[in-house]
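Written below as structure tokens is the structure these notes are about.
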Amino acid sequence: MRKILTQKFFDRDTKVVATDLLGKFIVRKIRGKEVSVMITETEAYDGPKDLASHASKGMTKRTEVMFGHPGIFYIYLCYGMYYMLNVVTGKKDYPAAVLIRGVEGKNGPGKLTKFLKIDNKFNKKLAIPKNNLWLEDRGVKIPENNIKKTPRIGVDYAGPIWSKKKFRFLVKG
DNA sequence: ACGATGATGAAC
DNA sequence: TTCATCATCGTA
């Protein structure tokens with residue numbers, strides 16, 4: 001079973017999308033060849049008040065993509081060397097996104113984007129096959145009790161409330 | 001524990 | 001135009 005995830009999938013609550021993305025596949029086409037990996041770890045960045053989200057600073061040149069339509073990528077350079085892969089969720093004008101933090105066999109969002117050769121060219125692009133980067137449901141279902149929730153990584157700066165929220169989701173084992 | 005490394009946003 | 005900051009990772 002190969003079902004391409006559409007904008008409808010991402011037009012839902014960010015935390016729901018983040019948990020639902022576990023077990024889904026990222027497919028990347030490089031020079032005509034498809035590479036696919038299963039998502040095992042995600043984080044939710046939800047709304048204008050989430051101090052851990054870049055969008056908490058309001059709409060800027062960098063963050064305007066998070067205010068855009070669901071199902072587009074938000075990609076940016078972190079620490080000068082690693083690209084982060086996010087998918088925008090929720091309605092237009094509501095800033096939210098899910099960070100793809102890990103896939104099967106790879107841990108760490110920086111390694112993931114390096115492996116899949118993802119860079120800021122994909123920023124603001126739709127997650128569709130035409131753009132050589134999209135997401136698929138291949139029938140893998142992660143049961144609720146196999147999903148672990150923890151605080152997000154590297155967001156201590158977000159203050160005692162937002163840095164402690166359990167917006168990180170990963171597959172156990 | 002720390003440096004590499006560059007875009008970003010805010011202050012000046 | 002300068003400055004501090006950062007959703008990381010490899011090496012130590």
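Residue numbering restarts at 1 for every chain of the structure tokens, chains are lettered A, B, ... in their displayed order, and ligands are numbered from 1 as they appear.
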
Contacts from chain A to chain B, 12 Å maximum, only C-alpha atoms (C1' of nucleotides): show me the residue list as a PyMOL selection string. chain A and resi 54+57-63+76-83+120

Closest atom pairs, chain A residues within 9 Å of chain C, only C-alpha atoms (C1' of nucleotides), as a tab-separated table:
residue	atom	partner	partner_atom	distance
A:Glu43	CA	C:DA7	C1'	8.8
A:Ala52	CA	C:DA7	C1'	7.8
A:Ser53	CA	C:DA7	C1'	7.9
A:His54	CA	C:DA7	C1'	8.8
A:Cys78	CA	C:DC6	C1'	6.8
A:Tyr79	CA	C:DC6	C1'	6.0
A:Met81	CA	C:DT8	C1'	8.0
A:Tyr82	CA	C:DT8	C1'	6.7
A:Met84	CA	C:DA7	C1'	7.6
A:Leu99	CA	C:DA7	C1'	7.7
A:Arg101	CA	C:DA7	C1'	8.9
A:Gly108	CA	C:DT8	C1'	7.9
A:Pro109	CA	C:DT8	C1'	7.9
A:Gly110	CA	C:DT8	C1'	6.3
A:Lys111	CA	C:DC9	C1'	8.3
A:Arg152	CA	C:DA7	C1'	8.3
A:Ile153	CA	C:DA7	C1'	7.1
A:Gly154	CA	C:DA7	C1'	6.4
A:Val155	CA	C:DA7	C1'	6.9

Would you write out those residues with N, CA and C atoms, as a PDB file, in the first residue's frame?
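And here's out.pdb as it stands now:
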ATOM      1  N   GLU A  43       8.644  16.285  16.323  1.00  0.00           N
ATOM      2  CA  GLU A  43       8.349  17.283  17.352  1.00  0.00           C
ATOM      3  C   GLU A  43       7.307  18.248  16.810  1.00  0.00           C
ATOM      4  N   ALA A  52       9.136  28.122  21.842  1.00  0.00           N
ATOM      5  CA  ALA A  52      10.177  27.304  21.222  1.00  0.00           C
ATOM      6  C   ALA A  52      10.106  27.386  19.696  1.00  0.00           C
ATOM      7  N   SER A  53       8.977  27.865  19.194  1.00  0.00           N
ATOM      8  CA  SER A  53       8.796  27.953  17.744  1.00  0.00           C
ATOM      9  C   SER A  53       9.339  29.276  17.225  1.00  0.00           C
ATOM     10  N   HIS A  54       9.958  29.217  16.073  1.00  0.00           N
ATOM     11  CA  HIS A  54      10.464  30.444  15.460  1.00  0.00           C
ATOM     12  C   HIS A  54       9.326  31.431  15.224  1.00  0.00           C
ATOM     13  N   CYS A  78      20.519  25.357  10.565  1.00  0.00           N
ATOM     14  CA  CYS A  78      20.721  25.497  11.991  1.00  0.00           C
ATOM     15  C   CYS A  78      22.203  25.348  12.312  1.00  0.00           C
ATOM     16  N   TYR A  79      22.685  26.163  13.232  1.00  0.00           N
ATOM     17  CA  TYR A  79      24.078  26.112  13.651  1.00  0.00           C
ATOM     18  C   TYR A  79      25.041  26.198  12.466  1.00  0.00           C
ATOM     19  N   MET A  81      25.328  24.649   9.794  1.00  0.00           N
ATOM     20  CA  MET A  81      25.744  23.474   9.025  1.00  0.00           C
ATOM     21  C   MET A  81      24.691  22.393   8.796  1.00  0.00           C
ATOM     22  N   TYR A  82      23.586  22.447   9.484  1.00  0.00           N
ATOM     23  CA  TYR A  82      22.602  21.389   9.307  1.00  0.00           C
ATOM     24  C   TYR A  82      21.239  21.958   8.942  1.00  0.00           C
ATOM     25  N   MET A  84      17.203  21.642   8.811  1.00  0.00           N
ATOM     26  CA  MET A  84      16.123  21.004   9.548  1.00  0.00           C
ATOM     27  C   MET A  84      14.926  20.855   8.619  1.00  0.00           C
ATOM     28  N   LEU A  99       8.536  19.088  13.141  1.00  0.00           N
ATOM     29  CA  LEU A  99       9.934  18.817  12.813  1.00  0.00           C
ATOM     30  C   LEU A  99      10.134  17.314  12.701  1.00  0.00           C
ATOM     31  N   ARG A 101      12.406  14.665  13.190  1.00  0.00           N
ATOM     32  CA  ARG A 101      13.632  14.660  13.992  1.00  0.00           C
ATOM     33  C   ARG A 101      14.439  13.378  13.797  1.00  0.00           C
ATOM     34  N   GLY A 108      18.647  12.053  14.645  1.00  0.00           N
ATOM     35  CA  GLY A 108      19.135  13.427  14.528  1.00  0.00           C
ATOM     36  C   GLY A 108      18.682  14.063  13.237  1.00  0.00           C
ATOM     37  N   PRO A 109      18.043  15.222  13.344  1.00  0.00           N
ATOM     38  CA  PRO A 109      17.499  15.915  12.172  1.00  0.00           C
ATOM     39  C   PRO A 109      18.580  16.378  11.197  1.00  0.00           C
ATOM     40  N   GLY A 110      19.772  16.668  11.715  1.00  0.00           N
ATOM     41  CA  GLY A 110      20.846  17.101  10.831  1.00  0.00           C
ATOM     42  C   GLY A 110      21.349  15.977   9.937  1.00  0.00           C
ATOM     43  N   LYS A 111      21.491  14.799  10.547  1.00  0.00           N
ATOM     44  CA  LYS A 111      21.958  13.643   9.775  1.00  0.00           C
ATOM     45  C   LYS A 111      20.938  13.239   8.729  1.00  0.00           C
ATOM     46  N   ARG A 152      10.720  18.579  24.232  1.00  0.00           N
ATOM     47  CA  ARG A 152      11.482  18.755  22.996  1.00  0.00           C
ATOM     48  C   ARG A 152      12.968  18.968  23.293  1.00  0.00           C
ATOM     49  N   ILE A 153      13.775  18.776  22.286  1.00  0.00           N
ATOM     50  CA  ILE A 153      15.230  18.815  22.436  1.00  0.00           C
ATOM     51  C   ILE A 153      15.764  20.201  22.091  1.00  0.00           C
ATOM     52  N   GLY A 154      16.702  20.659  22.922  1.00  0.00           N
ATOM     53  CA  GLY A 154      17.422  21.896  22.584  1.00  0.00           C
ATOM     54  C   GLY A 154      16.586  23.150  22.605  1.00  0.00           C
ATOM     55  N   VAL A 155      15.552  23.195  23.469  1.00  0.00           N
ATOM     56  CA  VAL A 155      14.682  24.361  23.495  1.00  0.00           C
ATOM     57  C   VAL A 155      14.575  24.945  24.909  1.00  0.00           C
TER      58      VAL A 155
END

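In this structure, atom CA of A:Asn131 sits 25.0 Å away from atom CA of A:Val16.
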
Taking the DSSP secondary structure from the backbone, can you list the residues of stretch 50-166 of chain A that are strand (DSSP E), as JSON, numbers by chain? {"A": [73, 74, 75, 76, 77, 78, 82, 83, 84, 85, 86, 87, 88, 96, 97, 98, 99, 100, 101, 102, 103, 106, 107, 133, 134, 135, 136, 137, 147, 148, 149, 150]}

Take the residues from that selection and put them in a file with C-alpha atoms, as a PDB file, in the first residue's frame.
ATOM      1  CA  PHE A  73       8.079  22.255   3.813  1.00  0.00           C
ATOM      2  CA  TYR A  74       9.775  24.632   6.209  1.00  0.00           C
ATOM      3  CA  ILE A  75      13.506  24.141   5.905  1.00  0.00           C
ATOM      4  CA  TYR A  76      16.197  26.232   7.473  1.00  0.00           C
ATOM      5  CA  LEU A  77      19.849  26.106   8.357  1.00  0.00           C
ATOM      6  CA  CYS A  78      20.721  25.497  11.991  1.00  0.00           C
ATOM      7  CA  TYR A  82      22.602  21.389   9.307  1.00  0.00           C
ATOM      8  CA  TYR A  83      19.268  21.757   7.579  1.00  0.00           C
ATOM      9  CA  MET A  84      16.123  21.004   9.548  1.00  0.00           C
ATOM     10  CA  LEU A  85      13.142  19.408   7.821  1.00  0.00           C
ATOM     11  CA  ASN A  86       9.704  20.576   8.945  1.00  0.00           C
ATOM     12  CA  VAL A  87       6.244  20.229   7.449  1.00  0.00           C
ATOM     13  CA  VAL A  88       3.790  23.078   7.925  1.00  0.00           C
ATOM     14  CA  ALA A  96       2.633  25.583  13.169  1.00  0.00           C
ATOM     15  CA  ALA A  97       4.915  22.853  11.907  1.00  0.00           C
ATOM     16  CA  VAL A  98       6.186  19.366  12.664  1.00  0.00           C
ATOM     17  CA  LEU A  99       9.934  18.817  12.813  1.00  0.00           C
ATOM     18  CA  ILE A 100      11.004  15.461  11.403  1.00  0.00           C
ATOM     19  CA  ARG A 101      13.632  14.660  13.992  1.00  0.00           C
ATOM     20  CA  GLY A 102      14.529  11.069  13.207  1.00  0.00           C
ATOM     21  CA  VAL A 103      13.952   8.144  10.866  1.00  0.00           C
ATOM     22  CA  LYS A 106      19.226   7.568  11.568  1.00  0.00           C
ATOM     23  CA  ASN A 107      18.919   9.689  14.680  1.00  0.00           C
ATOM     24  CA  LEU A 133      10.257  15.008  -1.827  1.00  0.00           C
ATOM     25  CA  TRP A 134       6.997  13.811  -0.325  1.00  0.00           C
ATOM     26  CA  LEU A 135       5.398  11.640   2.366  1.00  0.00           C
ATOM     27  CA  GLU A 136       3.598   8.311   2.092  1.00  0.00           C
ATOM     28  CA  ASP A 137       1.459   6.017   4.206  1.00  0.00           C
ATOM     29  CA  ILE A 147       4.539   6.114  21.216  1.00  0.00           C
ATOM     30  CA  LYS A 148       6.689   7.865  23.781  1.00  0.00           C
ATOM     31  CA  LYS A 149       6.177  11.535  24.604  1.00  0.00           C
ATOM     32  CA  THR A 150       8.980  13.683  25.992  1.00  0.00           C
TER      33      THR A 150
END

Pick out the residues sitting within 12 Å of A:Glu34, and hand them over as a ChimeraX atom specification; count only C-alpha atoms (C1' of nucleotides), and ignore anything fewer than 3 positions along from it in its own chain. /A:25-31,37,116,129,132-134
